$ cat coords_5.txt   # compact mmCIF, C-alpha atoms
# COMPACT_ATOMS: atom_id res chain seq x y z
CA MET A 114 -83.89 97.22 -58.92
CA GLN A 115 -82.87 98.68 -62.29
CA TYR A 116 -79.43 100.14 -63.02
CA GLU A 117 -79.32 102.42 -66.05
CA THR A 118 -78.47 105.86 -67.40
CA ALA A 119 -80.74 108.74 -66.46
CA GLN A 120 -82.88 110.78 -68.81
CA ARG A 121 -83.99 114.39 -68.65
CA LYS A 122 -87.39 113.32 -67.34
CA ASP A 123 -85.56 112.14 -64.18
CA LEU A 124 -84.16 115.56 -63.31
CA ALA A 125 -86.85 116.55 -60.82
CA HIS A 126 -86.32 113.35 -58.82
CA LEU A 127 -82.53 113.59 -59.13
CA THR A 128 -82.62 117.16 -57.86
CA LYS A 129 -84.66 116.13 -54.82
CA LEU A 130 -82.28 113.23 -54.14
CA TRP A 131 -79.24 115.54 -54.48
CA CYS A 132 -80.67 118.16 -52.12
CA CYS A 133 -81.61 115.57 -49.50
CA CYS A 134 -78.18 113.91 -49.59
CA PHE A 135 -75.90 116.95 -49.89
CA GLY A 136 -77.97 119.82 -48.48
CA ASP A 137 -77.59 122.03 -51.57
CA ASP A 138 -80.45 124.25 -52.72
CA GLU A 139 -82.41 123.49 -55.87
CA ALA A 140 -81.10 126.56 -57.71
CA ALA A 141 -77.48 125.40 -57.37
CA VAL A 142 -78.37 121.89 -58.53
CA ALA A 143 -80.34 123.26 -61.48
CA GLU A 144 -77.26 125.22 -62.51
CA PHE A 145 -75.22 122.01 -62.50
CA TRP A 146 -77.83 120.23 -64.65
CA GLU A 147 -77.14 122.72 -67.43
CA ILE A 148 -74.33 120.35 -68.45
CA PHE A 149 -76.60 117.28 -68.31
CA ASP A 150 -76.20 116.53 -72.03
CA GLN A 151 -72.39 116.58 -71.75
CA ILE A 152 -72.12 114.09 -68.89
CA THR A 153 -73.53 110.65 -68.09
CA VAL A 154 -75.71 110.19 -65.04
CA PHE A 155 -76.18 106.66 -63.75
CA VAL A 156 -79.11 105.73 -61.53
CA ALA A 157 -80.50 102.87 -59.52
CA ARG A 158 -84.25 103.00 -59.59
CA GLU A 159 -87.34 101.34 -58.39
CA LYS A 160 -90.21 103.53 -59.54
CA HIS A 161 -87.99 106.60 -59.31
CA PRO A 162 -84.21 107.03 -58.90
CA ILE A 163 -83.03 106.15 -55.39
CA ALA A 164 -79.27 106.37 -56.04
CA MET A 165 -77.16 108.19 -58.58
CA LEU A 166 -73.69 109.14 -59.69
CA CYS A 167 -72.51 111.60 -62.32
CA ALA A 168 -69.65 110.73 -64.67
CA LEU A 169 -67.80 113.82 -65.88
CA PRO A 170 -65.50 113.25 -68.88
CA VAL A 171 -61.94 114.36 -68.17
CA THR A 172 -58.48 113.53 -69.50
CA TYR A 173 -55.71 111.79 -67.59
CA PHE A 174 -52.21 112.54 -68.80
CA ASP A 175 -50.21 109.49 -67.78
CA GLU A 176 -46.60 109.31 -66.57
CA CYS A 177 -45.41 109.60 -70.17
CA GLY A 178 -47.58 112.63 -70.86
CA GLN A 179 -49.97 110.63 -73.07
CA ALA A 180 -53.65 111.57 -72.96
CA GLN A 181 -56.08 108.90 -71.73
CA ARG A 182 -59.87 109.12 -71.55
CA ALA A 183 -60.98 109.24 -67.94
CA SER A 184 -64.14 109.86 -65.96
CA TYR A 185 -64.50 111.88 -62.77
CA LEU A 186 -67.26 110.32 -60.65
CA TYR A 187 -69.20 112.99 -58.81
CA ALA A 188 -72.30 113.38 -56.62
CA VAL A 189 -72.41 109.70 -55.66
CA CYS A 190 -75.36 109.25 -53.33
CA THR A 191 -78.16 106.96 -52.15
CA ASP A 192 -81.52 107.81 -50.62
CA GLU A 193 -81.14 107.45 -46.85
CA LYS A 194 -83.98 104.89 -46.68
CA TYR A 195 -82.10 102.53 -49.01
CA ARG A 196 -78.60 102.71 -47.57
CA GLY A 197 -76.77 99.64 -46.30
CA GLN A 198 -78.17 97.37 -49.02
CA GLY A 199 -75.21 97.46 -51.42
CA ILE A 200 -77.07 99.58 -53.97
CA CYS A 201 -74.29 102.15 -54.37
CA SER A 202 -71.67 99.41 -54.86
CA LYS A 203 -73.77 97.80 -57.60
CA LEU A 204 -74.37 101.17 -59.24
CA MET A 205 -70.62 101.86 -59.23
CA LYS A 206 -69.92 98.52 -60.90
CA PHE A 207 -72.62 99.16 -63.50
CA ALA A 208 -71.17 102.60 -64.29
CA GLU A 209 -67.61 101.26 -64.55
CA ALA A 210 -68.67 98.49 -66.95
CA PHE A 211 -70.54 101.04 -69.08
CA LEU A 212 -67.58 103.44 -69.16
CA LYS A 213 -65.14 100.64 -69.98
CA LYS A 214 -67.22 99.71 -73.04
CA GLN A 215 -67.08 103.37 -74.07
CA GLY A 216 -63.26 103.25 -74.01
CA PHE A 217 -62.59 105.08 -70.76
CA ALA A 218 -59.28 103.98 -69.25
CA LEU A 219 -59.62 105.39 -65.74
CA THR A 220 -62.18 106.54 -63.19
CA CYS A 221 -61.35 108.93 -60.37
CA LEU A 222 -63.22 110.49 -57.47
CA VAL A 223 -62.77 112.54 -54.31
CA PRO A 224 -64.22 110.93 -51.14
CA SER A 225 -66.13 113.52 -49.13
CA ASN A 226 -64.79 112.22 -45.83
CA GLU A 227 -62.04 109.96 -44.50
CA SER A 228 -64.30 106.94 -43.87
CA LEU A 229 -65.26 106.76 -47.55
CA PHE A 230 -61.68 105.96 -48.55
CA ALA A 231 -62.20 102.51 -47.01
CA PHE A 232 -65.54 102.09 -48.78
CA TYR A 233 -64.12 102.86 -52.21
CA ARG A 234 -61.03 100.76 -51.51
CA LYS A 235 -63.33 97.73 -51.23
CA LEU A 236 -64.54 98.54 -54.75
CA GLY A 237 -61.03 98.43 -56.17
CA TYR A 238 -60.05 102.09 -55.86
CA GLN A 239 -56.67 103.17 -54.58
CA THR A 240 -55.42 106.48 -53.27
CA ALA A 241 -53.88 108.12 -56.32
CA PHE A 242 -53.86 111.86 -55.65
CA TYR A 243 -52.40 113.72 -52.69
CA HIS A 244 -52.04 117.35 -51.69
CA ASP A 245 -50.86 119.58 -48.88
CA ILE A 246 -52.68 122.48 -47.20
CA TYR A 247 -51.25 125.64 -45.69
CA THR A 248 -52.61 128.99 -44.53
CA VAL A 249 -51.17 132.49 -44.86
CA ASP A 250 -52.34 135.98 -43.93
CA ALA A 251 -53.70 138.35 -46.51
CA HIS A 252 -51.25 141.06 -47.50
CA GLY A 253 -49.34 142.46 -50.44
CA LYS A 254 -50.33 143.42 -53.94
CA ALA A 255 -50.14 141.88 -57.38
CA LYS A 256 -51.70 142.35 -60.80
CA ILE A 257 -54.87 140.31 -60.50
CA ARG A 258 -57.79 139.81 -62.83
CA LYS A 259 -60.64 137.37 -63.10
CA ILE A 260 -60.35 135.23 -66.21
CA ASP A 261 -62.52 132.92 -68.27
CA ALA A 262 -62.22 129.15 -68.46
CA THR A 263 -60.29 129.19 -71.75
CA THR A 264 -57.58 131.45 -70.37
CA TYR A 265 -57.44 129.46 -67.15
CA GLN A 266 -57.07 126.17 -69.01
CA ASN A 267 -54.20 127.57 -71.07
CA LEU A 268 -52.35 128.76 -67.95
CA ARG A 269 -53.03 125.48 -66.14
CA GLN A 270 -51.81 123.25 -68.95
CA MET A 271 -48.54 125.19 -69.14
CA GLN A 272 -47.75 124.15 -65.55
CA LEU A 273 -48.50 120.43 -65.85
CA TYR A 274 -47.09 117.65 -68.00
CA SER A 275 -47.67 114.15 -66.64
CA ASP A 276 -49.69 112.23 -64.05
CA PHE A 277 -52.51 114.76 -63.81
CA ILE A 278 -56.20 115.21 -64.52
CA SER A 279 -57.11 117.78 -67.16
CA TYR A 280 -60.54 119.42 -67.48
CA ASP A 281 -62.27 120.76 -70.57
CA GLU A 282 -63.25 124.42 -70.58
CA TRP A 283 -66.95 123.74 -69.97
CA LEU A 284 -66.09 121.91 -66.75
CA LEU A 285 -63.71 124.64 -65.60
CA ALA A 286 -66.52 127.13 -66.22
CA LEU A 287 -68.42 125.56 -63.31
CA GLN A 288 -65.87 127.10 -60.94
CA ASN A 289 -66.96 130.49 -59.60
CA GLY A 290 -63.60 132.19 -59.25
CA LEU A 291 -60.76 131.76 -61.75
CA TYR A 292 -57.89 134.27 -61.54
CA ARG A 293 -54.63 135.27 -63.14
CA ILE A 294 -52.09 136.62 -60.63
CA GLU A 295 -48.90 138.37 -61.70
CA THR A 296 -46.13 139.35 -59.31
CA GLU A 297 -42.61 140.52 -60.09
CA ASP A 298 -41.44 136.90 -60.01
CA VAL A 299 -44.23 134.69 -61.31
CA ILE A 300 -47.55 134.40 -63.16
CA CYS A 301 -50.06 132.07 -61.49
CA CYS A 302 -53.52 130.77 -62.14
CA ALA A 303 -55.81 130.25 -59.15
CA ALA A 304 -59.24 128.75 -58.58
CA ALA A 305 -60.65 130.23 -55.39
CA GLU A 306 -63.83 130.37 -53.32
CA LYS A 307 -64.65 133.01 -50.71
CA HIS A 308 -66.17 131.84 -47.42
CA SER A 309 -66.90 134.84 -45.21
CA ASN A 310 -63.46 136.30 -44.36
CA GLN A 311 -61.54 133.24 -45.49
CA LEU A 312 -60.43 132.51 -49.02
CA VAL A 313 -60.04 128.87 -50.04
CA ILE A 314 -57.71 128.42 -52.99
CA LYS A 315 -58.54 125.03 -54.50
CA GLU A 316 -55.66 125.28 -56.96
CA LEU A 317 -52.66 127.55 -57.32
CA LEU A 318 -50.20 126.92 -60.15
CA PRO A 319 -47.38 127.38 -59.63
CA ASP A 320 -47.57 127.33 -55.84
CA ASP A 321 -46.61 130.78 -54.61
CA PRO A 322 -47.62 131.93 -51.09
CA GLN A 323 -47.04 135.58 -52.03
CA SER A 324 -49.62 135.29 -54.80
CA ALA A 325 -52.06 133.56 -52.46
CA SER A 326 -51.70 136.37 -49.91
CA ALA A 327 -52.20 139.03 -52.56
CA LEU A 328 -55.33 137.36 -53.93
CA ALA A 329 -56.86 137.16 -50.45
CA ALA A 330 -56.17 140.86 -49.86
CA TYR A 331 -57.58 141.71 -53.30
CA LEU A 332 -60.83 139.87 -52.46
CA GLY A 333 -61.13 141.40 -49.00
CA CYS A 334 -60.31 138.28 -46.98
CA SER A 335 -58.21 138.20 -43.83
CA GLU A 336 -56.84 134.67 -44.29
CA VAL A 337 -56.29 132.24 -47.11
CA LYS A 338 -56.16 128.43 -47.07
CA VAL A 339 -54.28 126.93 -50.00
CA ARG A 340 -54.48 123.39 -51.38
CA THR A 341 -51.21 122.73 -53.12
CA LEU A 342 -49.05 120.11 -54.78
CA GLY A 343 -47.89 117.65 -52.17
CA SER A 344 -47.64 114.07 -50.98
CA THR A 345 -48.94 114.27 -47.41
CA LEU A 346 -52.75 114.27 -47.41
CA PRO A 347 -54.80 111.66 -49.31
CA PHE A 348 -57.18 113.54 -51.60
CA GLY A 349 -58.48 111.51 -54.54
CA MET A 350 -58.75 107.89 -55.62
CA ALA A 351 -58.60 106.15 -58.98
CA LYS A 352 -59.32 102.83 -60.61
CA SER A 353 -57.95 101.51 -63.89
CA LEU A 354 -60.63 100.17 -66.23
CA LEU A 355 -58.29 98.97 -68.96
CA ASP A 356 -54.59 98.09 -68.84
CA LEU A 357 -53.45 101.55 -67.82
CA PRO A 358 -51.33 101.62 -64.64
CA CYS A 359 -53.16 103.51 -61.93
CA PRO A 360 -51.42 106.69 -60.70
CA THR A 361 -49.95 106.55 -57.21
CA GLN A 362 -48.75 110.15 -56.82
CA GLY A 363 -50.77 111.97 -59.46
CA TYR A 364 -52.13 115.50 -59.44
CA LEU A 365 -55.86 116.12 -59.32
CA GLY A 366 -55.73 119.65 -58.02
CA LEU A 367 -58.96 121.36 -58.88
CA ALA A 368 -61.76 119.11 -57.62
CA PHE A 369 -65.50 119.48 -57.78
CA ASP A 370 -65.96 119.24 -54.03
$ encode --input "coords_5.txt" --output "structure tokens"
Amino acid sequence: MQYETAQRKDLAHLTKLWCCCFGDDEAAVAEFWEIFDQITVFVAREKHPIAMLCALPVTYFDECGQAQRASYLYAVCTDEKYRGQGICSKLMKFAEAFLKKQGFALTCLVPSNESLFAFYRKLGYQTAFYHDIYTVDAHGKAKIRKIDATTYQNLRQMQLYSDFISYDEWLLALQNGLYRIETEDVICCAAAEKHSNQLVIKELLPDDPQSASALAAYLGCSEVKVRTLGSTLPFGMAKSLLDLPCPTQGYLGLAFD
């Protein structure tokens, strides 16, 4: 078994692996691979890749507000025929050693289900990011417009100072719906996805239920579910690669889930 970084020639096999593991269609995966040259993809391979993970470069602003290089681990998966052999664990360790040599101080990830928290905990990860979820009905009006990633990043950074993950504009651009919402009392930025009649707001800064309701009404949804700042529900995990203290109540917010 070889553990190494992927090359463009691997994309066809990686796409097939992704679709089999996550159920996405090839067009959506191909769209993600447009950022291939800006990320690092790690693979375990025999003849072809049988496991992979993508490392997205992000920034962690620590408890003092100092910027630290960090990596968001995404699309971690193993071919079903090879599961239960420790391949993913070895691939994770290979990726972490590689990133540490590159000067990354922290890795973070979002487990796709509750059972995976225990799996990653065995690899040295700890729950570092929490959130709360609430729902409200769609009603009311506000000044709302769709915005680009640059504008969204500027609004987002104004709301956060320490213990949070920051994303470059090209990563924020992967999100389908970025909005500016202005009411009489507040100006918010929101990252939202529409699912039939329900709106899922993955991030709302600052948290304002009135703005969430107005955005849902604006987009023709009857209900909105909001992920917000909180300390109740475990959301993301992190692992320190250098001497940086690992966050225990940090803010991840907008996740690539």
$ closest_residue --input "coords_5.txt" --among "A:Asn226, A:Phe277, A:Tyr331, A:Asp321" --to "Lys259 in chain A" --atoms "all atoms listed in the file"
A:Tyr331
$ residues_around --input "coords_5.txt" --residues "Leu355 in chain A" --least-positions-apart "4" --cutoff "9 Å" --atoms "all atoms listed in the file" --output "MDAnalysis selection string"
chainID A and resid 213 216:219
$ residues_around --input "coords_5.txt" --residues "range 118-120 of chain A" --least-positions-apart "4" --cutoff "6 Å" --atoms "all atoms listed in the file" --output "list in words"
Val154, Phe155 and Val156 of chain A
$ atom_distance --input "coords_5.txt" --atom1 "CA of Lys338 in chain A" --atom2 "CA of Gly253 in chain A"
16.0 Å
$ closest_residue --input "coords_5.txt" --among "A:Pro170, A:Pro360, A:Pro162, A:Gly197" --to "Leu212 in chain A" --atoms "all atoms listed in the file"
A:Pro170
$ atom_distance --input "coords_5.txt" --atom1 "CA of His308 in chain A" --atom2 "CA of Ser335 in chain A"
10.8 Å
$ residues_around --input "coords_5.txt" --residues "Tyr280 in chain A" --least-positions-apart "5" --cutoff "7 Å" --atoms "all atoms listed in the file" --output "ChimeraX atom specification"
/A:171-172,285
$ closest_atom_pairs --input "coords_5.txt" --of "range 128-239 of chain A" --to "range 264-273 of chain A" --cutoff "12 Å" --atoms "all atoms listed in the file" --output "JSON lines"
{"residue": "A:Thr172", "atom": "CA", "partner": "A:Gln270", "partner_atom": "CA", "distance": 11.8}
{"residue": "A:Tyr173", "atom": "CA", "partner": "A:Leu273", "partner_atom": "CA", "distance": 11.4}
{"residue": "A:Phe174", "atom": "CA", "partner": "A:Leu273", "partner_atom": "CA", "distance": 9.2}
{"residue": "A:Asp175", "atom": "CA", "partner": "A:Leu273", "partner_atom": "CA", "distance": 11.2}
{"residue": "A:Glu176", "atom": "CA", "partner": "A:Leu273", "partner_atom": "CA", "distance": 11.3}
{"residue": "A:Gly178", "atom": "CA", "partner": "A:Leu273", "partner_atom": "CA", "distance": 9.3}
$ closest_residue --input "coords_5.txt" --among "A:Asn310, A:Asn289, A:Thr240, A:Gln181" --to "Tyr364 in chain A" --atoms "all atoms listed in the file"
A:Thr240
$ residues_around --input "coords_5.txt" --residues "Cys201 in chain A" --least-positions-apart "6" --cutoff "12 Å" --atoms "all atoms listed in the file" --output "PyMOL selection string"
chain A and resi 114+116+155-158+162-166+188-193+195+207-208+232-233+236
$ write_last_selection --input "coords_5.txt" --atoms "C-alpha atoms" --output "PDB file, in the coordinates of the input"
ATOM      1  CA  MET A 114     -83.890  97.220 -58.920  1.00  0.00           C
ATOM      2  CA  TYR A 116     -79.430 100.140 -63.020  1.00  0.00           C
ATOM      3  CA  PHE A 155     -76.180 106.660 -63.750  1.00  0.00           C
ATOM      4  CA  VAL A 156     -79.110 105.730 -61.530  1.00  0.00           C
ATOM      5  CA  ALA A 157     -80.500 102.870 -59.520  1.00  0.00           C
ATOM      6  CA  ARG A 158     -84.250 103.000 -59.590  1.00  0.00           C
ATOM      7  CA  PRO A 162     -84.210 107.030 -58.900  1.00  0.00           C
ATOM      8  CA  ILE A 163     -83.030 106.150 -55.390  1.00  0.00           C
ATOM      9  CA  ALA A 164     -79.270 106.370 -56.040  1.00  0.00           C
ATOM     10  CA  MET A 165     -77.160 108.190 -58.580  1.00  0.00           C
ATOM     11  CA  LEU A 166     -73.690 109.140 -59.690  1.00  0.00           C
ATOM     12  CA  ALA A 188     -72.300 113.380 -56.620  1.00  0.00           C
ATOM     13  CA  VAL A 189     -72.410 109.700 -55.660  1.00  0.00           C
ATOM     14  CA  CYS A 190     -75.360 109.250 -53.330  1.00  0.00           C
ATOM     15  CA  THR A 191     -78.160 106.960 -52.150  1.00  0.00           C
ATOM     16  CA  ASP A 192     -81.520 107.810 -50.620  1.00  0.00           C
ATOM     17  CA  GLU A 193     -81.140 107.450 -46.850  1.00  0.00           C
ATOM     18  CA  TYR A 195     -82.100 102.530 -49.010  1.00  0.00           C
ATOM     19  CA  PHE A 207     -72.620  99.160 -63.500  1.00  0.00           C
ATOM     20  CA  ALA A 208     -71.170 102.600 -64.290  1.00  0.00           C
ATOM     21  CA  PHE A 232     -65.540 102.090 -48.780  1.00  0.00           C
ATOM     22  CA  TYR A 233     -64.120 102.860 -52.210  1.00  0.00           C
ATOM     23  CA  LEU A 236     -64.540  98.540 -54.750  1.00  0.00           C
TER      24      LEU A 236
END
$ closest_residue --input "coords_5.txt" --among "A:Phe242, A:Phe348, A:Phe145, A:Tyr292" --to "Leu328 in chain A" --atoms "only C-alpha atoms"
A:Tyr292
$ closest_residue --input "coords_5.txt" --among "A:Ala368, A:Phe230, A:Glu209, A:Ala180" --to "Ala305 in chain A" --atoms "all atoms listed in the file"
A:Ala368
$ atom_distance --input "coords_5.txt" --atom1 "CA of Trp283 in chain A" --atom2 "CA of Ser353 in chain A"
24.7 Å
$ axis_aligned_box --input "coords_5.txt" --around "range 189-199 of chain A" --padding-each-side "5 Å" --output "JSON"
{"center_x": -78.2, "center_y": 103.5, "center_z": -51.0, "size_x": 21.6, "size_y": 22.3, "size_z": 19.4}
$ closest_residue --input "coords_5.txt" --among "A:Ala140, A:Arg182, A:Met205, A:Thr248" --to "Cys167 in chain A" --atoms "only C-alpha atoms"
A:Met205
$ residues_near_point --input "coords_5.txt" --point "(-53.8, 135.1, -60.2)" --cutoff "9 Å" --atoms "only C-alpha atoms" --output "PyMOL selection string"
chain A and resi 255-260+291-296+300-304+317-318+324-325+327-328
$ write_last_selection --input "coords_5.txt" --atoms "C-alpha atoms" --output "mmCIF file, keeping the file's coordinate frame"
data_model
loop_
_atom_site.group_PDB
_atom_site.id
_atom_site.type_symbol
_atom_site.label_atom_id
_atom_site.label_comp_id
_atom_site.auth_asym_id
_atom_site.auth_seq_id
_atom_site.Cartn_x
_atom_site.Cartn_y
_atom_site.Cartn_z
ATOM 1 C CA ALA A 255 -50.140 141.880 -57.380
ATOM 2 C CA LYS A 256 -51.700 142.350 -60.800
ATOM 3 C CA ILE A 257 -54.870 140.310 -60.500
ATOM 4 C CA ARG A 258 -57.790 139.810 -62.830
ATOM 5 C CA LYS A 259 -60.640 137.370 -63.100
ATOM 6 C CA ILE A 260 -60.350 135.230 -66.210
ATOM 7 C CA LEU A 291 -60.760 131.760 -61.750
ATOM 8 C CA TYR A 292 -57.890 134.270 -61.540
ATOM 9 C CA ARG A 293 -54.630 135.270 -63.140
ATOM 10 C CA ILE A 294 -52.090 136.620 -60.630
ATOM 11 C CA GLU A 295 -48.900 138.370 -61.700
ATOM 12 C CA THR A 296 -46.130 139.350 -59.310
ATOM 13 C CA ILE A 300 -47.550 134.400 -63.160
ATOM 14 C CA CYS A 301 -50.060 132.070 -61.490
ATOM 15 C CA CYS A 302 -53.520 130.770 -62.140
ATOM 16 C CA ALA A 303 -55.810 130.250 -59.150
ATOM 17 C CA ALA A 304 -59.240 128.750 -58.580
ATOM 18 C CA LEU A 317 -52.660 127.550 -57.320
ATOM 19 C CA LEU A 318 -50.200 126.920 -60.150
ATOM 20 C CA SER A 324 -49.620 135.290 -54.800
ATOM 21 C CA ALA A 325 -52.060 133.560 -52.460
ATOM 22 C CA ALA A 327 -52.200 139.030 -52.560
ATOM 23 C CA LEU A 328 -55.330 137.360 -53.930
#
$ residues_around --input "coords_5.txt" --residues "Leu222 in chain A" --least-positions-apart "2" --cutoff "7 Å" --atoms "only C-alpha atoms" --output "VMD selection string"
chain A and resid 185 to 187 224 349 to 351
